[in-house]
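Structure below is protein.tsv: TSV, C-alpha atoms and all ligand atoms.
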chain	number	residue	atom	x	y	z
A	179	MET	CA	0.00	0.00	0.00
A	180	THR	CA	1.17	3.50	-0.79
A	181	TRP	CA	2.46	5.81	1.94
A	182	HIS	CA	1.59	9.47	1.59
A	183	LEU	CA	4.04	11.93	3.15
A	184	LEU	CA	2.70	15.18	4.57
A	185	GLY	CA	5.70	17.43	5.22
A	186	ALA	CA	8.71	16.59	3.05
A	187	GLY	CA	11.06	18.71	5.16
A	188	ASN	CA	14.07	17.67	7.22
A	189	ILE	CA	12.67	14.75	9.21
A	190	GLY	CA	10.08	13.82	6.58
A	191	THR	CA	12.75	13.42	3.91
A	192	LEU	CA	14.91	11.31	6.24
A	193	VAL	CA	11.99	8.97	6.93
A	194	ALA	CA	11.17	8.95	3.20
A	195	SER	CA	14.66	7.52	2.63
A	196	TYR	CA	13.79	4.63	4.99
A	197	LEU	CA	10.46	4.04	3.21
A	198	ILE	CA	12.26	3.90	-0.13
A	199	GLN	CA	14.87	1.58	1.39
A	200	ALA	CA	12.00	-0.65	2.52
A	201	GLN	CA	10.65	-0.55	-1.07
A	202	GLN	CA	7.38	0.97	0.09
A	203	PRO	CA	5.55	3.04	-2.53
A	204	LEU	CA	5.57	6.70	-1.52
A	205	ARG	CA	3.89	9.92	-2.64
A	206	LEU	CA	3.79	13.44	-1.32
A	207	ALA	CA	0.48	14.57	0.16
A	208	GLY	CA	-0.83	18.06	-0.40
A	209	ARG	CA	1.92	18.91	-2.87
A	210	GLY	CA	0.96	18.05	-6.46
A	211	GLY	CA	2.91	18.64	-9.63
A	212	PRO	CA	6.18	17.10	-10.79
A	213	PRO	CA	8.33	14.96	-8.51
A	214	VAL	CA	10.38	16.79	-5.92
A	215	LEU	CA	14.09	16.04	-5.59
A	216	ARG	CA	15.62	16.10	-2.12
A	217	THR	CA	19.29	15.44	-1.34
A	218	LEU	CA	20.31	14.07	2.04
A	219	ILE	CA	23.91	14.09	3.29
A	220	TRP	CA	24.89	11.77	6.13
A	221	PRO	CA	27.56	12.70	8.72
A	222	GLN	CA	30.21	10.48	7.10
A	223	GLY	CA	29.62	12.21	3.75
A	224	ALA	CA	27.35	9.67	2.05
A	225	GLN	CA	24.84	11.49	-0.16
A	226	ARG	CA	21.54	10.37	-1.65
A	227	THR	CA	19.06	12.18	-3.86
A	228	LEU	CA	15.47	11.04	-3.47
A	229	THR	CA	12.76	11.49	-6.07
A	230	LEU	CA	9.47	12.10	-4.28
A	231	PRO	CA	6.47	11.85	-6.65
A	232	GLY	CA	3.83	14.57	-6.32
A	233	ASP	CA	0.39	13.96	-4.85
A	234	ASP	CA	-1.89	11.68	-6.87
A	235	ASP	CA	-5.21	12.73	-5.26
A	236	ALA	CA	-5.90	9.03	-4.55
A	237	PRO	CA	-7.43	7.74	-1.30
A	238	ILE	CA	-4.95	7.87	1.57
A	239	SER	CA	-4.61	4.74	3.69
A	240	GLN	CA	-1.18	5.37	5.24
A	241	LEU	CA	-0.14	8.93	6.05
A	242	LEU	CA	3.17	9.98	7.57
A	243	ILE	CA	2.81	13.42	9.17
A	244	THR	CA	6.06	15.35	9.53
A	245	THR	CA	4.89	18.92	9.16
A	246	LYS	CA	5.64	21.26	12.03
A	247	ALA	CA	2.88	20.89	14.63
A	248	GLN	CA	1.55	24.41	13.99
A	249	ASP	CA	1.11	23.72	10.25
A	250	THR	CA	-0.61	20.37	10.64
A	251	ALA	CA	-4.30	21.24	10.88
A	252	ALA	CA	-4.13	23.55	7.84
A	253	ALA	CA	-2.18	20.95	5.86
A	254	LEU	CA	-4.40	18.01	6.81
A	255	ARG	CA	-7.84	19.60	6.52
A	256	PRO	CA	-7.98	19.53	2.69
A	257	LEU	CA	-6.90	15.86	2.76
A	258	LEU	CA	-9.63	14.70	5.17
A	259	PRO	CA	-12.08	13.61	2.42
A	260	ARG	CA	-9.39	11.34	1.00
A	261	LEU	CA	-8.62	9.46	4.24
A	262	THR	CA	-9.88	5.88	4.13
A	263	ASP	CA	-12.10	4.62	6.96
A	264	THR	CA	-9.20	2.73	8.51
A	265	VAL	CA	-6.39	5.14	7.67
A	266	LEU	CA	-3.09	4.71	9.53
A	267	LEU	CA	-1.69	8.08	10.61
A	268	VAL	CA	1.90	8.24	11.81
A	269	ARG	CA	2.64	11.54	13.54
A	270	LEU	CA	6.33	12.27	14.06
A	271	GLN	CA	6.48	15.67	15.73
A	272	ASN	CA	7.89	17.23	18.89
A	273	GLY	CA	4.72	19.09	19.79
A	274	LEU	CA	1.59	17.38	21.11
A	275	GLY	CA	-2.05	17.85	20.15
A	276	SER	CA	-1.69	18.81	16.50
A	277	LEU	CA	-4.51	16.41	15.46
A	278	ASP	CA	-6.86	17.44	18.28
A	279	GLY	CA	-10.29	18.50	17.07
A	280	LEU	CA	-9.83	17.30	13.48
A	281	PRO	CA	-12.73	15.11	12.25
A	282	LEU	CA	-10.69	11.99	11.49
A	283	PRO	CA	-12.49	8.81	10.34
A	284	ASP	CA	-13.83	6.74	13.25
A	285	GLY	CA	-11.70	3.76	12.27
A	286	SER	CA	-8.46	5.70	11.90
A	287	ARG	CA	-5.45	4.55	13.88
A	288	ILE	CA	-2.90	7.07	15.11
A	289	ILE	CA	0.69	6.05	15.71
A	290	GLU	CA	2.70	8.59	17.67
A	291	GLY	CA	6.43	8.92	17.16
A	292	ILE	CA	9.28	10.78	18.84
A	293	THR	CA	12.82	10.90	17.64
A	294	THR	CA	16.18	12.13	18.84
A	295	SER	CA	17.50	11.95	15.28
A	296	GLY	CA	18.40	15.28	13.77
A	297	ALA	CA	18.35	16.69	10.24
A	298	TRP	CA	18.73	20.32	9.22
A	299	ARG	CA	18.54	22.28	6.00
A	300	ASP	CA	21.97	23.09	4.63
A	301	GLY	CA	21.38	25.26	1.59
A	302	PRO	CA	19.59	23.14	-1.01
A	303	ARG	CA	20.44	19.92	0.80
A	304	ILE	CA	19.44	18.30	4.08
A	305	GLN	CA	22.23	17.46	6.48
A	306	VAL	CA	21.53	14.39	8.60
A	307	VAL	CA	23.06	15.34	11.93
A	308	ALA	CA	22.44	12.04	13.70
A	309	GLU	CA	20.34	8.91	13.43
A	310	ASN	CA	19.43	8.16	17.03
A	311	ASP	CA	16.46	6.55	18.77
A	312	THR	CA	12.97	6.76	17.35
A	313	LEU	CA	10.06	5.40	19.38
A	314	LEU	CA	6.71	4.59	17.77
A	315	GLY	CA	3.61	3.50	19.62
A	316	ASP	CA	-0.06	4.18	20.18
A	317	ALA	CA	-2.27	5.48	22.96
A	318	ASP	CA	-3.67	1.97	23.54
A	319	ALA	CA	-0.15	0.75	24.38
A	320	SER	CA	-0.57	-2.01	21.78
A	321	PRO	CA	2.05	-4.69	22.33
A	322	GLU	CA	2.78	-5.08	18.60
A	323	PRO	CA	3.03	-2.58	15.74
A	324	PRO	CA	0.64	-2.70	12.81
A	325	ALA	CA	2.00	-4.67	9.86
A	326	ALA	CA	2.93	-1.56	7.85
A	327	ILE	CA	5.13	-0.32	10.71
A	328	ALA	CA	6.61	-3.77	11.38
A	329	ALA	CA	7.68	-3.88	7.72
A	330	LEU	CA	9.38	-0.50	8.04
A	331	LEU	CA	11.24	-0.90	11.36
A	332	PRO	CA	14.14	-3.03	10.00
A	333	HIS	CA	14.94	-0.25	7.50
A	334	TRP	CA	14.74	2.62	10.02
A	335	PRO	CA	17.97	2.89	12.06
A	336	GLY	CA	17.30	3.26	15.78
A	337	ALA	CA	13.52	2.83	15.48
A	338	ARG	CA	11.57	0.50	17.72
A	339	TRP	CA	8.00	-0.14	18.81
A	340	CYS	CA	7.26	1.29	22.22
A	341	THR	CA	4.44	0.27	24.57
A	342	ASP	CA	4.55	3.40	26.74
A	343	ILE	CA	4.76	6.09	24.08
A	344	ARG	CA	2.64	8.54	26.05
A	345	ARG	CA	5.10	8.54	28.97
A	346	GLN	CA	8.02	8.92	26.54
A	347	GLN	CA	6.28	11.82	24.78
A	348	TRP	CA	5.65	13.59	28.06
A	349	LEU	CA	9.27	13.07	29.17
A	350	LYS	CA	10.45	14.67	25.92
A	351	LEU	CA	7.82	17.40	25.89
A	352	SER	CA	8.56	18.49	29.46
A	353	VAL	CA	12.27	18.85	28.71
A	354	ASN	CA	11.52	20.70	25.46
A	355	ALA	CA	9.15	23.01	27.34
A	356	VAL	CA	12.11	24.09	29.47
A	357	ILE	CA	15.00	24.21	26.98
A	358	ASN	CA	13.23	25.50	23.86
A	359	PRO	CA	11.64	28.76	25.02
A	360	ILE	CA	14.55	29.80	27.26
A	361	THR	CA	17.15	29.26	24.53
A	362	ALA	CA	14.91	30.93	21.95
A	363	LEU	CA	14.19	34.02	24.02
A	364	ASN	CA	17.81	34.39	25.16
A	365	ASP	CA	19.16	33.48	21.70
A	366	CYS	CA	21.65	31.10	23.30
A	367	PRO	CA	22.84	27.53	22.74
A	368	ASN	CA	21.36	24.76	24.89
A	369	GLY	CA	24.39	24.66	27.21
A	370	ALA	CA	23.87	28.29	28.28
A	371	LEU	CA	20.93	27.05	30.34
A	372	CYS	CA	23.35	25.50	32.83
A	373	ASP	CA	25.75	28.36	33.56
A	374	ASP	CA	23.53	31.35	34.25
A	375	PRO	CA	21.61	31.72	37.54
A	376	ALA	CA	18.72	33.68	35.99
A	377	ARG	CA	18.18	31.07	33.27
A	378	GLN	CA	18.46	28.29	35.84
A	379	GLN	CA	15.76	29.96	37.90
A	380	GLN	CA	13.52	30.25	34.84
A	381	ALA	CA	14.20	26.61	34.01
A	382	ARG	CA	13.39	25.49	37.53
A	383	ALA	CA	10.08	27.35	37.53
A	384	LEU	CA	9.05	25.86	34.16
A	385	ALA	CA	10.11	22.39	35.26
A	386	GLU	CA	8.29	22.53	38.60
A	387	GLU	CA	5.06	23.74	36.98
A	388	ALA	CA	5.28	20.98	34.34
A	389	ASP	CA	5.86	18.36	37.05
A	390	ALA	CA	2.91	19.59	39.12
A	391	LEU	CA	0.61	19.30	36.09
A	392	LEU	CA	1.93	15.97	34.82
A	393	ARG	CA	1.66	14.48	38.31
A	394	ARG	CA	-2.04	15.41	38.29
A	395	LEU	CA	-2.43	13.73	34.89
A	396	ASP	CA	-0.41	10.69	35.91
A	397	PRO	CA	0.12	9.90	39.60
A	398	ASP	CA	3.15	7.80	38.61
A	399	TRP	CA	4.85	10.72	36.86
A	400	PRO	CA	8.57	10.48	37.82
A	401	GLY	CA	9.11	14.26	38.11
A	402	ASP	CA	12.62	15.78	38.11
A	403	THR	CA	12.03	17.60	34.83
A	404	TYR	CA	14.62	20.14	35.98
A	405	GLY	CA	17.32	17.49	36.40
A	406	ARG	CA	16.50	15.91	33.05
A	407	ALA	CA	16.43	19.26	31.26
A	408	LEU	CA	19.84	20.22	32.67
A	409	ALA	CA	21.27	16.83	31.66
A	410	VAL	CA	19.95	17.23	28.09
A	411	ALA	CA	21.18	20.84	27.93
A	412	GLN	CA	24.64	19.71	29.03
A	413	ALA	CA	24.72	16.77	26.62
A	414	THR	CA	23.69	19.03	23.72
A	415	ALA	CA	25.52	22.13	24.97
A	416	ALA	CA	26.60	23.45	21.56
A	417	ASN	CA	23.27	22.71	19.82
A	418	MET	CA	20.70	25.23	18.72
A	419	SER	CA	17.19	24.31	19.85
A	420	SER	CA	14.57	24.07	17.10
A	421	MET	CA	12.57	26.91	18.66
A	422	ARG	CA	15.61	29.19	18.63
A	423	ALA	CA	16.24	28.23	14.99
A	424	ASP	CA	12.62	28.98	14.06
A	425	LEU	CA	12.68	32.33	15.85
A	426	ARG	CA	15.96	33.31	14.18
A	427	ALA	CA	14.48	32.37	10.80
A	428	GLY	CA	11.48	34.61	11.47
A	429	GLN	CA	9.12	31.62	11.52
A	430	ARG	CA	6.32	30.59	13.83
A	431	THR	CA	7.46	28.27	16.61
A	432	GLU	CA	5.94	25.04	18.02
A	433	ILE	CA	5.30	26.85	21.35
A	434	ALA	CA	1.50	26.34	21.12
A	435	PHE	CA	2.02	22.57	20.94
A	436	ILE	CA	4.75	22.33	23.60
A	437	ASN	CA	4.19	24.82	26.46
A	438	GLY	CA	0.75	25.59	24.99
A	439	TRP	CA	-0.22	21.91	25.22
A	440	LEU	CA	0.69	21.95	28.92
A	441	LEU	CA	-1.41	25.09	29.39
A	442	ARG	CA	-4.46	23.52	27.74
A	443	GLN	CA	-4.23	20.52	30.07
A	444	ALA	CA	-3.78	22.84	33.05
A	445	ASP	CA	-6.81	24.94	32.08
A	446	ARG	CA	-8.98	21.81	32.06
A	447	LEU	CA	-7.85	21.05	35.62
A	448	GLY	CA	-8.14	24.63	36.83
A	449	MET	CA	-4.39	24.90	37.38
A	450	SER	CA	-2.36	27.95	36.47
A	451	LEU	CA	1.12	27.61	35.00
A	452	PRO	CA	2.28	31.23	35.03
A	453	SER	CA	5.81	30.60	33.73
A	454	HIS	CA	4.53	28.61	30.77
A	455	ARG	CA	1.88	31.24	30.08
A	456	LEU	CA	4.61	33.89	29.90
A	457	MET	CA	6.55	31.80	27.39
A	458	VAL	CA	3.48	31.18	25.22
A	459	ALA	CA	2.76	34.90	25.18
A	460	ALA	CA	6.36	35.78	24.33
A	461	LEU	CA	6.95	33.53	21.32
A	462	PRO	CA	5.29	33.56	17.87
A	463	ALA	CA	2.89	30.63	17.39
B	1	LIG	N1	14.54	18.45	12.16
B	1	LIG	C1	14.85	17.71	13.22
B	1	LIG	O1	16.02	17.38	13.45
B	1	LIG	C2	13.77	17.21	14.14
B	1	LIG	C3	14.14	16.35	15.20
B	1	LIG	C4	13.14	15.85	16.04
B	1	LIG	C5	11.82	16.19	15.83
B	1	LIG	N2	11.51	17.04	14.81
B	1	LIG	C6	10.10	17.39	14.63
B	1	LIG	O2	9.70	17.04	13.31
B	1	LIG	C7	8.69	17.95	12.86
B	1	LIG	C8	9.13	18.51	11.53
B	1	LIG	O3	10.34	19.24	11.71
B	1	LIG	P1	11.29	19.56	10.48
B	1	LIG	O4	12.55	20.11	11.05
B	1	LIG	O5	11.38	18.37	9.58
B	1	LIG	O6	10.46	20.73	9.77
B	1	LIG	P2	10.56	21.26	8.27
B	1	LIG	O7	11.90	20.94	7.70
B	1	LIG	O8	10.10	22.66	8.29
B	1	LIG	O9	9.51	20.36	7.51
B	1	LIG	C9	8.14	20.60	7.51
B	1	LIG	C10	7.66	20.44	6.09
B	1	LIG	O10	6.24	20.55	6.09
B	1	LIG	C11	5.89	21.11	4.85
B	1	LIG	N3	4.55	21.67	4.85
B	1	LIG	C12	4.08	22.73	5.55
B	1	LIG	N4	2.78	22.95	5.24
B	1	LIG	C13	2.44	22.00	4.31
B	1	LIG	C14	1.25	21.72	3.60
B	1	LIG	N5	0.15	22.45	3.77
B	1	LIG	N6	1.24	20.68	2.74
B	1	LIG	C15	2.35	19.92	2.56
B	1	LIG	N7	3.53	20.14	3.21
B	1	LIG	C16	3.57	21.18	4.08
B	1	LIG	C17	6.94	22.19	4.64
B	1	LIG	O11	7.00	22.49	3.28
B	1	LIG	P3	7.44	23.95	2.82
B	1	LIG	O12	8.85	24.12	3.27
B	1	LIG	O13	7.26	23.86	1.34
B	1	LIG	O14	6.50	24.89	3.49
B	1	LIG	C18	8.20	21.49	5.13
B	1	LIG	O15	8.86	20.84	4.07
B	1	LIG	C19	8.56	19.01	13.96
B	1	LIG	O16	7.49	18.69	14.80
B	1	LIG	C20	9.87	18.89	14.73
B	1	LIG	O17	9.72	19.29	16.08
B	1	LIG	C21	12.43	17.55	13.96
What does the file become when written as structure tokens?
Amino acid sequence: MTWHLLGAGNIGTLVASYLIQAQQPLRLAGRGGPPVLRTLIWPQGAQRTLTLPGDDDAPISQLLITTKAQDTAAALRPLLPRLTDTVLLVRLQNGLGSLDGLPLPDGSRIIEGITTSGAWRDGPRIQVVAENDTLLGDADASPEPPAAIAALLPHWPGARWCTDIRRQQWLKLSVNAVINPITALNDCPNGALCDDPARQQQARALAEEADALLRRLDPDWPGDTYGRALAVAQATAANMSSMRADLRAGQRTEIAFINGWLLRQADRLGMSLPSHRLMVAALPA
């Protein structure tokens, strides 16, 4: 069955290379016209140009979603009439909640993915920075992946099926909700979070508010978002966070689907997260 790819950007193109490696038929979604050529360069210098055929307007039974979270609803809405009753949607994004409120078919199945792989635009090409862990799973904590995912996993370096994807997403989101806005607003690399008392104080406030909320949502929440955020900031000290990169490029950020997602959950519970609210107000969404 054909995969449609919504969002042939950095991560989408990298995953497209795995789909092609797995000999899975692939088409762009929402982008018609002639095939698009994308060149990927791996860290050791290997280079590969992919030919991604334009949208065919056919029914969509397998959709990989790798748009930025804030672009997803607008990109997906025109495609809704083409989704089959049992469409498989694979959402590989840092932000949470980008499909909320969309009238998806009742029988659709959503696979959530998170990745610590990295790929960035380098002029006309896409530089693969690292192929690290990718976790895929669903909200039902299904013990096995659907067949289409099982067929893909052997061709996707570092990818595995995960039976607690929600916990893993929240662990990643909570760290991102600390590192991303602080590094974006201070225009600093991730490591600068660790060596400045004012930024540390900001980080601690964001982390403690996130932990208070997530503990309400999940009594088994492990907490210590502050410790985890500092460890990630140290391990990626020289890196530029994606939110800082978006802000520098004059683009909208994923803030509404990172800190904003936390705020929406807090609002439902009548909790206030003042530090997160400040960040959401300060960054373009
Ligand atoms: N890049 C990374 O290393 C990385 C790592 C981990 C997680 N992520 C997550 O992966 C997601 C994607 O990030 P990215 O860096 O790959 O972003 P990106 O390079 O900006 O890719 C997004 C793509 O979506 C396309 N798009 C936007 N609106 C569309 C529409 N209406 N129809 C079809 N395509 C549309 C864009 O096309 P145009 O350019 O033509 O608008 C762009 O190619 C984000 O949630 C990010 O947090 C990224």
Please identify every polymer residue within 9 Å of ligand LIG 1 (chain B), using all atoms listed in the file, and present the set as a PyMOL selection string.
chain A and resi 183-192+206-209+243-256+269-274+292-299+304+306-308+420-421+424+432
Write out as a ChimeraX atom specification the residues lying within 10 Å of Leu440 in chain A, counting only C-alpha atoms and excluding same-chain residues fewer than 2 positions away.
/A:274,348,351-352,355,387-388,391-392,434-438,442-445,451,454-455
Residue neighbourhood Ser320 in chain A, 10 Å, all atoms listed in the file, exclusion window fewer than 2 positions, as a PDB file with C-alpha atoms, keeping the file's coordinate frame:
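Printed below is part.pdb as written:
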ATOM      1  CA  GLY A 315       3.610   3.500  19.620  1.00  0.00           C
ATOM      2  CA  ASP A 316      -0.060   4.180  20.180  1.00  0.00           C
ATOM      3  CA  ALA A 317      -2.270   5.480  22.960  1.00  0.00           C
ATOM      4  CA  ASP A 318      -3.670   1.970  23.540  1.00  0.00           C
ATOM      5  CA  GLU A 322       2.780  -5.080  18.600  1.00  0.00           C
ATOM      6  CA  PRO A 323       3.030  -2.580  15.740  1.00  0.00           C
ATOM      7  CA  PRO A 324       0.640  -2.700  12.810  1.00  0.00           C
ATOM      8  CA  TRP A 339       8.000  -0.140  18.810  1.00  0.00           C
ATOM      9  CA  CYS A 340       7.260   1.290  22.220  1.00  0.00           C
ATOM     10  CA  THR A 341       4.440   0.270  24.570  1.00  0.00           C
ATOM     11  CA  ASP A 342       4.550   3.400  26.740  1.00  0.00           C
ATOM     12  CA  ILE A 343       4.760   6.090  24.080  1.00  0.00           C
TER      13      ILE A 343
END
Report as a PyMOL selection string all protein, DNA and RNA residues lying within 10 Å of Gln240 in chain A, evaluated on all atoms listed in the file, omitting residues in the same chain fewer than 6 positions from it.
chain A and resi 179-183+204+261-262+264-268+286-287+326
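Across the model, the gap from CA of Thr229 in chain A to CA of Glu290 in chain A is 25.9 Å.
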Could you pull the residues within 9 Å of Leu461 in chain A, counting all atoms listed in the file, minus those fewer than 2 positions along the same chain, as a PyMOL selection string?
chain A and resi 359+362-363+425+430-431+433+456-459+463
Around the point (-5.0, 12.8, -1.8) (coordinates from the file), which residues reach within 6 Å if we count all atoms listed in the file? Answer as a compact mmCIF listing (two decimals) with C-alpha atoms, in the coordinates of the input.
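Result file is point.txt:
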# COMPACT_ATOMS: atom_id res chain seq x y z
CA ASP A 235 -5.21 12.73 -5.26
CA ALA A 236 -5.90 9.03 -4.55
CA PRO A 237 -7.43 7.74 -1.30
CA ILE A 238 -4.95 7.87 1.57
CA LEU A 257 -6.90 15.86 2.76
CA ARG A 260 -9.39 11.34 1.00
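Closest approach to Leu330 in chain A from the set A:Gly232, A:Arg426, A:Leu314, A:Val353 is made by A:Leu314, with distances taken over only C-alpha atoms.
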Calculated over only C-alpha atoms, which of the candidates A:Asn310, A:Pro302, A:Ile327, A:Gln202 has the smallest distance to Ile289 in chain A?
A:Ile327
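Taking CA of Leu228 in chain A and CA of Pro213 in chain A as endpoints, the distance between them is 9.6 Å.
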Excluding Arg382 in chain A and residues on its chain fewer than 3 positions from it, collect all residues at most 12 Å away from it, counting all atoms listed in the file, and give them as a compact mmCIF listing (two decimals) with C-alpha atoms, in the coordinates of the input.
# COMPACT_ATOMS: atom_id res chain seq x y z
CA SER A 352 8.56 18.49 29.46
CA VAL A 353 12.27 18.85 28.71
CA ALA A 355 9.15 23.01 27.34
CA VAL A 356 12.11 24.09 29.47
CA ILE A 357 15.00 24.21 26.98
CA ILE A 360 14.55 29.80 27.26
CA LEU A 371 20.93 27.05 30.34
CA CYS A 372 23.35 25.50 32.83
CA PRO A 375 21.61 31.72 37.54
CA ALA A 376 18.72 33.68 35.99
CA ARG A 377 18.18 31.07 33.27
CA GLN A 378 18.46 28.29 35.84
CA GLN A 379 15.76 29.96 37.90
CA ALA A 385 10.11 22.39 35.26
CA GLU A 386 8.29 22.53 38.60
CA GLU A 387 5.06 23.74 36.98
CA ALA A 388 5.28 20.98 34.34
CA ASP A 389 5.86 18.36 37.05
CA ASP A 402 12.62 15.78 38.11
CA THR A 403 12.03 17.60 34.83
CA TYR A 404 14.62 20.14 35.98
CA GLY A 405 17.32 17.49 36.40
CA ARG A 406 16.50 15.91 33.05
CA ALA A 407 16.43 19.26 31.26
CA LEU A 408 19.84 20.22 32.67
CA SER A 453 5.81 30.60 33.73
CA HIS A 454 4.53 28.61 30.77
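Pairwise distance (CA of Asp311 in chain A, CA of Ala337 in chain A) equals 5.8 Å.
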